[in-house]
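Shown next: target29.cif, containing mmCIF, C-alpha atoms.
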data_upload
loop_
_atom_site.label_atom_id
_atom_site.label_comp_id
_atom_site.auth_asym_id
_atom_site.auth_seq_id
_atom_site.Cartn_x
_atom_site.Cartn_y
_atom_site.Cartn_z
CA MET A 1 134.73 -192.22 -54.63
CA TYR A 2 131.73 -194.28 -55.77
CA ARG A 3 129.30 -192.22 -53.71
CA ASP A 4 130.41 -189.02 -55.40
CA ASN A 5 130.09 -189.91 -59.03
CA ASN A 6 128.52 -187.33 -61.31
CA LYS A 7 125.32 -189.18 -62.00
CA VAL A 8 124.60 -189.65 -58.30
CA ARG A 9 125.33 -185.96 -57.67
CA GLU A 10 122.95 -184.97 -60.48
CA LEU A 11 120.28 -187.26 -59.11
CA TYR A 12 120.65 -185.77 -55.62
CA GLN A 13 120.30 -182.28 -57.09
CA LYS A 14 117.19 -183.42 -58.92
CA LEU A 15 115.86 -184.88 -55.67
CA HIS A 16 116.07 -181.49 -53.96
CA SER A 17 113.76 -179.92 -56.51
CA LYS A 18 110.58 -178.79 -54.74
CA ASN A 19 108.07 -179.59 -57.48
CA LEU A 20 108.55 -183.36 -57.41
CA THR A 21 105.77 -185.75 -56.52
CA ARG A 22 106.28 -188.46 -53.92
CA ALA A 23 106.39 -191.14 -56.64
CA GLU A 24 109.05 -189.19 -58.54
CA ARG A 25 111.14 -188.82 -55.39
CA LYS A 26 110.84 -192.55 -54.76
CA ASP A 27 111.95 -193.30 -58.33
CA ILE A 28 114.95 -190.99 -58.00
CA MET A 29 115.96 -192.53 -54.66
CA GLU A 30 115.81 -195.99 -56.23
CA GLU A 31 117.89 -194.81 -59.16
CA ILE A 32 120.47 -193.38 -56.75
CA LYS A 33 120.64 -196.71 -54.92
CA ARG A 34 121.06 -198.62 -58.19
CA GLU A 35 123.75 -196.23 -59.42
CA GLN A 36 125.64 -196.46 -56.12
CA TYR A 37 125.36 -200.23 -56.24
CA ARG A 38 126.63 -200.29 -59.85
CA THR A 39 129.68 -198.16 -59.12
CA ASP A 40 130.50 -199.54 -55.67
CA PRO A 41 133.76 -201.52 -55.93
CA ARG A 42 132.95 -203.81 -53.00
CA LYS A 43 131.83 -207.42 -53.45
CA PRO A 44 128.05 -207.68 -53.80
CA ILE A 45 125.63 -209.51 -51.55
CA SER A 46 122.41 -210.49 -53.29
CA GLN A 47 118.89 -210.10 -51.94
CA LYS A 48 118.90 -213.82 -51.19
CA GLY A 49 122.25 -213.51 -49.40
CA GLN A 50 120.84 -210.69 -47.27
CA ALA A 51 117.79 -212.81 -46.47
CA VAL A 52 120.02 -215.74 -45.46
CA CYS A 53 122.06 -213.47 -43.13
CA ASN A 54 118.91 -212.07 -41.54
CA ALA A 55 117.39 -215.53 -41.14
CA ILE A 56 120.56 -216.74 -39.41
CA CYS A 57 120.51 -213.69 -37.11
CA GLY A 58 116.89 -214.50 -36.22
CA LEU A 59 117.78 -218.11 -35.58
CA LEU A 60 120.62 -217.05 -33.29
CA LEU A 61 118.29 -214.80 -31.31
CA MET A 62 115.95 -217.76 -30.85
CA VAL A 63 118.82 -220.03 -29.80
CA CYS A 64 119.94 -217.39 -27.29
CA ALA A 65 116.48 -217.10 -25.78
CA ILE A 66 115.75 -220.83 -25.61
CA VAL A 67 119.16 -221.90 -24.27
CA ASN A 68 119.12 -219.11 -21.72
CA GLU A 69 115.70 -220.16 -20.42
CA ILE A 70 116.56 -223.88 -20.29
CA ILE A 71 119.83 -223.29 -18.52
CA LYS A 72 118.34 -220.76 -16.15
CA GLY A 73 115.73 -223.32 -15.14
CA LYS A 74 118.46 -225.87 -14.45
CA ALA A 75 120.62 -223.32 -12.66
CA LEU A 76 117.86 -222.62 -10.13
CA SER A 77 117.73 -226.24 -9.07
CA ASP A 78 121.32 -227.34 -9.59
CA ASN A 79 124.84 -226.01 -9.90
CA TYR A 80 124.27 -222.31 -10.46
CA THR A 81 127.81 -221.27 -11.45
CA VAL A 82 128.36 -223.99 -14.05
CA TYR A 83 125.00 -223.49 -15.78
CA ARG A 84 125.26 -219.73 -15.64
CA THR A 85 128.73 -219.92 -17.25
CA ILE A 86 127.38 -222.16 -20.02
CA ALA A 87 124.48 -219.74 -20.54
CA ASN A 88 126.86 -216.80 -20.81
CA LEU A 89 129.08 -218.70 -23.26
CA VAL A 90 126.12 -219.61 -25.47
CA PHE A 91 124.89 -216.04 -25.34
CA ALA A 92 128.34 -214.65 -26.23
CA THR A 93 128.73 -217.14 -29.11
CA ALA A 94 125.30 -216.32 -30.54
CA LEU A 95 125.92 -212.60 -30.16
CA GLY A 96 129.34 -212.96 -31.83
CA ALA A 97 127.82 -214.89 -34.73
CA ALA A 98 125.10 -212.25 -35.13
CA ILE A 99 127.76 -209.52 -35.20
CA VAL A 100 129.66 -211.49 -37.87
CA MET A 101 126.46 -211.60 -39.97
CA VAL A 102 126.01 -207.84 -39.61
CA VAL A 103 129.68 -207.23 -40.48
CA ILE A 104 129.36 -209.41 -43.61
CA GLN A 105 126.42 -207.29 -44.71
CA THR A 106 128.13 -203.97 -44.04
CA ARG A 107 131.41 -204.97 -45.68
CA ARG A 108 129.67 -205.87 -48.91
CA LYS A 109 127.45 -203.81 -51.15
CA ASN A 110 123.82 -204.80 -50.68
CA GLU A 111 121.89 -205.48 -53.86
CA PRO A 112 118.95 -203.05 -53.90
CA ALA A 113 115.47 -204.55 -53.90
CA ASP A 114 113.61 -204.49 -57.19
CA GLU A 115 109.83 -204.56 -57.62
CA LEU A 116 109.61 -208.37 -57.56
CA SER A 117 111.71 -208.75 -54.42
CA LYS A 118 109.71 -205.97 -52.73
CA GLU A 119 106.48 -207.74 -53.60
CA LEU A 120 107.80 -211.08 -52.33
CA MET A 121 109.15 -209.51 -49.13
CA PHE A 122 105.77 -207.85 -48.54
CA LYS A 123 104.09 -211.23 -48.97
CA ALA A 124 106.63 -212.90 -46.68
CA THR A 125 106.13 -210.18 -44.04
CA SER A 126 102.37 -210.65 -44.07
CA TYR A 127 102.72 -214.43 -43.70
CA ALA A 128 105.37 -214.11 -40.97
CA GLY A 129 103.23 -211.68 -38.94
CA ALA A 130 101.38 -214.60 -37.35
CA VAL A 131 104.57 -216.43 -36.30
CA PRO A 132 105.44 -214.38 -33.14
CA MET A 133 101.84 -214.78 -31.96
CA ILE A 134 102.01 -218.55 -32.46
CA VAL A 135 105.37 -218.66 -30.68
CA THR A 136 103.99 -216.66 -27.75
CA TRP A 137 100.98 -218.96 -27.54
CA LEU A 138 103.26 -222.00 -27.70
CA VAL A 139 105.45 -220.66 -24.89
CA GLY A 140 102.37 -220.04 -22.75
CA PHE A 141 101.01 -223.47 -23.63
CA ILE A 142 104.26 -225.23 -22.72
CA MET A 143 104.58 -223.26 -19.49
CA THR A 144 101.03 -224.09 -18.48
CA ILE A 145 100.74 -227.71 -19.57
CA ILE A 146 104.24 -229.20 -19.52
CA SER A 147 105.61 -227.39 -16.50
CA ASP A 148 102.22 -227.55 -14.79
CA SER A 149 102.89 -224.04 -13.55
CA ARG A 150 99.39 -222.59 -13.63
CA ASP A 151 98.70 -223.04 -9.93
CA SER A 152 102.26 -223.13 -8.68
CA GLU A 153 102.89 -220.81 -5.78
CA PHE A 154 106.56 -220.63 -6.75
CA PHE A 155 105.89 -219.66 -10.32
CA SER A 156 107.16 -216.22 -11.29
CA VAL A 157 107.88 -214.27 -14.41
CA ASN A 158 110.75 -211.83 -14.19
CA SER A 159 112.37 -209.38 -16.58
CA ASP A 160 114.75 -212.10 -17.82
CA ASP A 161 111.80 -214.14 -19.00
CA MET A 162 110.22 -211.16 -20.68
CA MET A 163 113.50 -210.43 -22.46
CA ALA A 164 113.78 -214.06 -23.54
CA LEU A 165 110.21 -213.99 -24.85
CA LEU A 166 110.90 -210.78 -26.74
CA LEU A 167 114.05 -212.31 -28.26
CA LEU A 168 112.09 -215.42 -29.17
CA MET A 169 109.35 -213.39 -30.85
CA LEU A 170 111.80 -211.19 -32.72
CA GLY A 171 113.97 -214.13 -33.72
CA SER A 172 111.04 -216.22 -34.89
CA TYR A 173 109.67 -213.29 -36.89
CA LEU A 174 113.03 -212.60 -38.57
CA THR A 175 113.65 -216.26 -39.32
CA ALA A 176 110.13 -216.87 -40.62
CA LYS A 177 110.05 -213.73 -42.75
CA ASN A 178 113.38 -214.37 -44.42
CA THR A 179 112.82 -218.11 -44.84
CA ILE A 180 109.43 -217.48 -46.46
CA TYR A 181 111.05 -214.87 -48.70
CA LEU A 182 113.73 -217.37 -49.76
CA TRP A 183 111.01 -219.91 -50.48
CA LEU A 184 108.97 -217.44 -52.55
CA ASP A 185 112.03 -216.15 -54.38
CA ARG A 186 113.13 -219.55 -55.70
CA THR A 187 114.45 -218.85 -59.17
CA PRO A 188 112.78 -220.91 -61.85
CA ALA A 189 115.29 -222.91 -63.91
CA SER A 190 116.43 -220.76 -66.79
CA ASP A 191 117.25 -222.35 -70.12
CA ASP A 192 119.86 -219.66 -70.67
CA GLU A 193 123.41 -220.84 -70.38
CA GLU A 194 124.65 -217.53 -68.98
CA GLU A 195 126.23 -216.60 -65.61
CA MET B 196 91.90 -216.43 -66.63
CA PRO B 197 94.05 -214.50 -69.13
CA GLU B 198 97.65 -215.66 -69.34
CA LEU B 199 100.61 -213.35 -69.69
CA LYS B 200 102.51 -213.96 -72.92
CA THR B 201 105.82 -212.30 -73.60
CA ARG B 202 108.20 -211.95 -76.52
CA LEU B 203 110.96 -210.87 -74.19
CA LYS B 204 113.24 -213.82 -74.89
CA GLU B 205 112.82 -213.46 -78.63
CA LEU B 206 113.54 -209.72 -78.54
CA ARG B 207 116.52 -210.25 -76.28
CA ALA B 208 117.93 -212.94 -78.55
CA ALA B 209 117.52 -210.64 -81.57
CA LYS B 210 119.62 -208.02 -79.79
CA ASN B 211 122.08 -210.68 -78.59
CA MET B 212 121.52 -209.50 -75.05
CA LYS B 213 121.95 -211.53 -71.88
CA GLN B 214 119.37 -211.63 -69.10
CA GLY B 215 121.83 -209.92 -66.78
CA ASP B 216 122.44 -207.10 -69.27
CA LEU B 217 118.72 -206.43 -69.67
CA ALA B 218 118.26 -206.62 -65.90
CA GLU B 219 120.94 -203.97 -65.38
CA LEU B 220 119.49 -201.72 -68.08
CA VAL B 221 116.02 -201.69 -66.54
CA GLY B 222 117.23 -201.77 -62.92
CA VAL B 223 115.95 -205.13 -61.74
CA ARG B 224 117.51 -208.44 -60.75
CA ARG B 225 118.19 -211.22 -63.23
CA GLU B 226 115.65 -213.40 -61.36
CA THR B 227 112.94 -210.91 -62.29
CA ILE B 228 113.81 -211.16 -65.99
CA ILE B 229 113.76 -214.98 -65.78
CA ARG B 230 110.28 -214.89 -64.22
CA LEU B 231 109.08 -212.38 -66.80
CA GLU B 232 110.30 -214.58 -69.63
CA LYS B 233 108.53 -217.56 -68.14
CA GLY B 234 105.31 -215.54 -67.76
CA GLN B 235 105.38 -216.05 -63.99
CA TYR B 236 105.34 -212.38 -63.05
CA ASN B 237 103.19 -209.44 -64.14
CA PRO B 238 105.48 -206.42 -64.35
CA SER B 239 104.48 -202.93 -63.27
CA LEU B 240 103.59 -200.51 -66.04
CA LYS B 241 106.88 -198.69 -65.44
CA LEU B 242 108.97 -201.83 -65.82
CA ALA B 243 107.01 -202.91 -68.90
CA MET B 244 107.60 -199.49 -70.48
CA ASP B 245 111.29 -199.51 -69.54
CA ILE B 246 111.70 -202.93 -71.15
CA ALA B 247 109.82 -201.85 -74.27
CA ALA B 248 112.02 -198.74 -74.47
CA VAL B 249 115.18 -200.87 -74.35
CA PHE B 250 114.01 -202.76 -77.44
CA GLY B 251 112.51 -199.68 -79.10
CA VAL B 252 109.04 -201.25 -79.37
CA THR B 253 105.68 -200.72 -77.71
CA VAL B 254 104.57 -202.48 -74.52
CA GLU B 255 102.03 -204.48 -76.54
CA ASP B 256 104.86 -205.79 -78.72
CA VAL B 257 106.53 -207.28 -75.66
CA PHE B 258 103.63 -208.30 -73.41
CA SER B 259 100.16 -209.53 -74.19
CA PHE B 260 97.35 -211.37 -72.42
CA GLU B 261 95.81 -214.47 -73.95
CA GLU B 262 92.60 -216.19 -72.88
#
Could you quickly redo this structure as structure tokens?
Amino acid sequence: MYRDNNKVRELYQKLHSKNLTRAERKDIMEEIKREQYRTDPRKPISQKGQAVCNAICGLLLMVCAIVNEIIKGKALSDNYTVYRTIANLVFATALGAAIVMVVIQTRRKNEPADELSKELMFKATSYAGAVPMIVTWLVGFIMTIISDSRDSEFFSVNSDDMMALLLLMLGSYLTAKNTIYLWLDRTPASDDEEE
Amino acid sequence: MPELKTRLKELRAAKNMKQGDLAELVGVRRETIIRLEKGQYNPSLKLAMDIAAVFGVTVEDVFSFEE
């Protein structure tokens, strides 16, 4: 079994040694991951592939939240059953697609991050941190200005809306982070003819 | 600002080694090697030393900074 090869076992034994520094432990853990990746017979999924999957998952969360809110708004004023059914179908489709993305990632061996990809992901995370806040502000802005709901006596926010907002924030963060990572990690054209 | 110069490509060619092979030996992705060769990425000291060790030279033989 690829997880039980001798080198990995040796590295795990080394890891249990008590006189290791944190940096040494980190190095050993990374070496274990690389060795497992090298000997794993499954098809690989690159760092970029993982980022694409995560970005799609984020996008699906956003689609879920937005469609659910739009349809819910229509359902209150119109044919409840039809719109609710559409909302459930959209939700089930998005959830199914997200599960497919997760399954793709678990069925394949994930390429471990190296120092460049970690640095780029860190950069992408710091840039993407502002996105959920902007999205939240935008939602508030749209609700206040477009729907003219500030002084409405019928205006209410329920747990559904909070859940949709949370999904929107999470989805926008995931999508932004992974898209920025993909942008930063563009490979410069190599004049090597290999691979 | 000093610019990172590297002899990585030259050393790799001398050893008839592909970017992917070097990447696997030092535990990084091929993209990282491409960026290093193009001088677009400053490696950590550990990676620089690992690369130098692969070619059996010193870090200064592989990487240098030029004004």
Quick one: which chain B residues come within 12 Å of chain A, and what is the nearest atom pair for each with the distance in Å to one decimal, counting only C-alpha atoms, rows ordered by chain and ascending number, as a Markdown table?
| residue | atom | partner | partner_atom | distance |
| --- | --- | --- | --- | --- |
| B:Lys204 | CA | A:Asp192 | CA | 9.8 |
| B:Arg207 | CA | A:Asp192 | CA | 11.5 |
| B:Ala208 | CA | A:Asp192 | CA | 10.5 |
| B:Met212 | CA | A:Glu194 | CA | 10.5 |
| B:Lys213 | CA | A:Glu194 | CA | 7.2 |
| B:Gln214 | CA | A:Glu194 | CA | 7.9 |
| B:Gly215 | CA | A:Glu195 | CA | 8.1 |
| B:Asp216 | CA | A:Glu194 | CA | 10.7 |
| B:Ala218 | CA | A:Asp114 | CA | 10.1 |
| B:Glu219 | CA | A:Arg38 | CA | 8.7 |
| B:Leu220 | CA | A:Arg34 | CA | 10.5 |
| B:Val221 | CA | A:Asp114 | CA | 10.1 |
| B:Gly222 | CA | A:Arg34 | CA | 6.9 |
| B:Val223 | CA | A:Asp114 | CA | 5.2 |
| B:Arg224 | CA | A:Asp114 | CA | 6.6 |
| B:Arg225 | CA | A:Thr187 | CA | 9.4 |
| B:Glu226 | CA | A:Thr187 | CA | 6.0 |
| B:Thr227 | CA | A:Leu116 | CA | 6.3 |
| B:Ile228 | CA | A:Leu116 | CA | 9.8 |
| B:Ile229 | CA | A:Ser190 | CA | 6.4 |
| B:Arg230 | CA | A:Pro188 | CA | 6.9 |
| B:Leu231 | CA | A:Leu116 | CA | 10.1 |
| B:Glu232 | CA | A:Ser190 | CA | 9.2 |
| B:Lys233 | CA | A:Pro188 | CA | 8.3 |
| B:Gly234 | CA | A:Pro188 | CA | 10.9 |
| B:Gln235 | CA | A:Pro188 | CA | 9.1 |
| B:Tyr236 | CA | A:Leu116 | CA | 8.0 |
| B:Asn237 | CA | A:Leu116 | CA | 9.3 |
| B:Pro238 | CA | A:Leu116 | CA | 8.2 |
| B:Ser239 | CA | A:Glu115 | CA | 7.9 |
| B:Leu240 | CA | A:Glu115 | CA | 11.2 |
| B:Lys241 | CA | A:Glu115 | CA | 10.2 |
| B:Leu242 | CA | A:Glu115 | CA | 8.7 |
| B:Ala243 | CA | A:Glu115 | CA | 11.7 |
- Distance in Å - CA of Glu255 in chain B versus CA of Leu203 in chain B: 11.2 Å
- Which value, in Å to one decimal, gives the distance between CA of Phe250 in chain B and CA of Lys33 in chain A? 24.2 Å
- Shell around range 3-14 of chain A at 7 Å using all atoms listed in the file, local window under 3 positions removed, as a list in words: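 Close residues of range 3-14 of chain A: Ser17, Ile28, Ile32, Glu35 and Gln36 of chain A.
Distance-wise, CA of Ile66 in chain A and CA of Leu167 in chain A end up 9.1 Å apart.
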Specify the axis-aligned box that encloses all atoms of range 243-259 of chain B listed in the file after padding of 5 Å on each side, stating its centre and edge lengths in Å to one decimal as lines of an AutoDock Vina configuration file.
center_x = 107.7
center_y = -204.1
center_z = -74.1
size_x = 25.0
size_y = 20.8
size_z = 20.5
- Task: Tell me which protein, DNA and RNA residues are within 10 Å of Thr179 in chain A, counting all atoms listed in the file, leaving out same-chain ones fewer than 6 positions away, and put them as a list of chain:residue names.
- Result: A:Lys48, A:Ala51, A:Val52, A:Asn54, A:Ala55, A:Ile56, A:Ala124, A:Ala128, A:Tyr173, A:Asp185
- Message: Residues near Lys200 in chain B, anyone? I mean within 8 Å using only C-alpha atoms, not counting same-chain ones fewer than 5 positions away, as a VMD selection string.
- Response: chain B and resid 234 258 to 261
- Can you list, as a PyMOL selection string, the residues that the PyMOL selection byres ((chain A and resi 135) around 12) selects here? chain A and resi 62+66+128-134+136-142+164-173+176
- Residue with smallest distance to Glu119 in chain A - pool A:Pro41, A:Gln50, A:Thr144, A:Tyr181, counting only C-alpha atoms: A:Tyr181
With C-alpha atoms retained, output range 90-129 of chain A as a short mmCIF file (atom, residue, chain, number, x, y, z; two decimals), in the first residue's frame.
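File written: decode-v5.cif
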data_model
loop_
_atom_site.label_atom_id
_atom_site.label_comp_id
_atom_site.auth_asym_id
_atom_site.auth_seq_id
_atom_site.Cartn_x
_atom_site.Cartn_y
_atom_site.Cartn_z
CA VAL A 90 -31.62 24.60 -8.35
CA PHE A 91 -30.41 23.97 -4.83
CA ALA A 92 -30.23 20.19 -5.41
CA THR A 93 -28.38 20.67 -8.72
CA ALA A 94 -25.84 23.04 -7.19
CA LEU A 95 -25.35 20.76 -4.19
CA GLY A 96 -24.93 17.75 -6.51
CA ALA A 97 -22.35 19.60 -8.59
CA ALA A 98 -20.47 20.63 -5.43
CA ILE A 99 -20.45 17.00 -4.27
CA VAL A 100 -19.09 15.95 -7.69
CA MET A 101 -16.26 18.49 -7.27
CA VAL A 102 -15.44 17.11 -3.82
CA VAL A 103 -15.56 13.52 -5.13
CA ILE A 104 -13.18 14.43 -7.99
CA GLN A 105 -10.73 15.80 -5.45
CA THR A 106 -10.95 12.81 -3.13
CA ARG A 107 -10.69 10.23 -5.90
CA ARG A 108 -7.46 11.73 -7.16
CA LYS A 109 -4.19 12.36 -5.39
CA ASN A 110 -3.82 16.04 -4.57
CA GLU A 111 -0.53 17.62 -5.55
CA PRO A 112 1.04 18.97 -2.34
CA ALA A 113 1.65 22.72 -2.18
CA ASP A 114 5.23 23.85 -2.62
CA GLU A 115 6.72 27.09 -1.31
CA LEU A 116 5.70 29.14 -4.37
CA SER A 117 2.10 27.93 -4.35
CA LYS A 118 1.89 28.54 -0.58
CA GLU A 119 3.16 32.08 -1.08
CA LEU A 120 0.70 32.71 -3.91
CA MET A 121 -2.20 31.22 -1.95
CA PHE A 122 -1.30 33.42 1.02
CA LYS A 123 -1.32 36.45 -1.27
CA ALA A 124 -4.63 35.37 -2.83
CA THR A 125 -6.16 34.84 0.63
CA SER A 126 -5.16 38.32 1.75
CA TYR A 127 -6.62 39.89 -1.40
CA ALA A 128 -9.81 37.81 -1.18
CA GLY A 129 -10.39 38.77 2.47
#
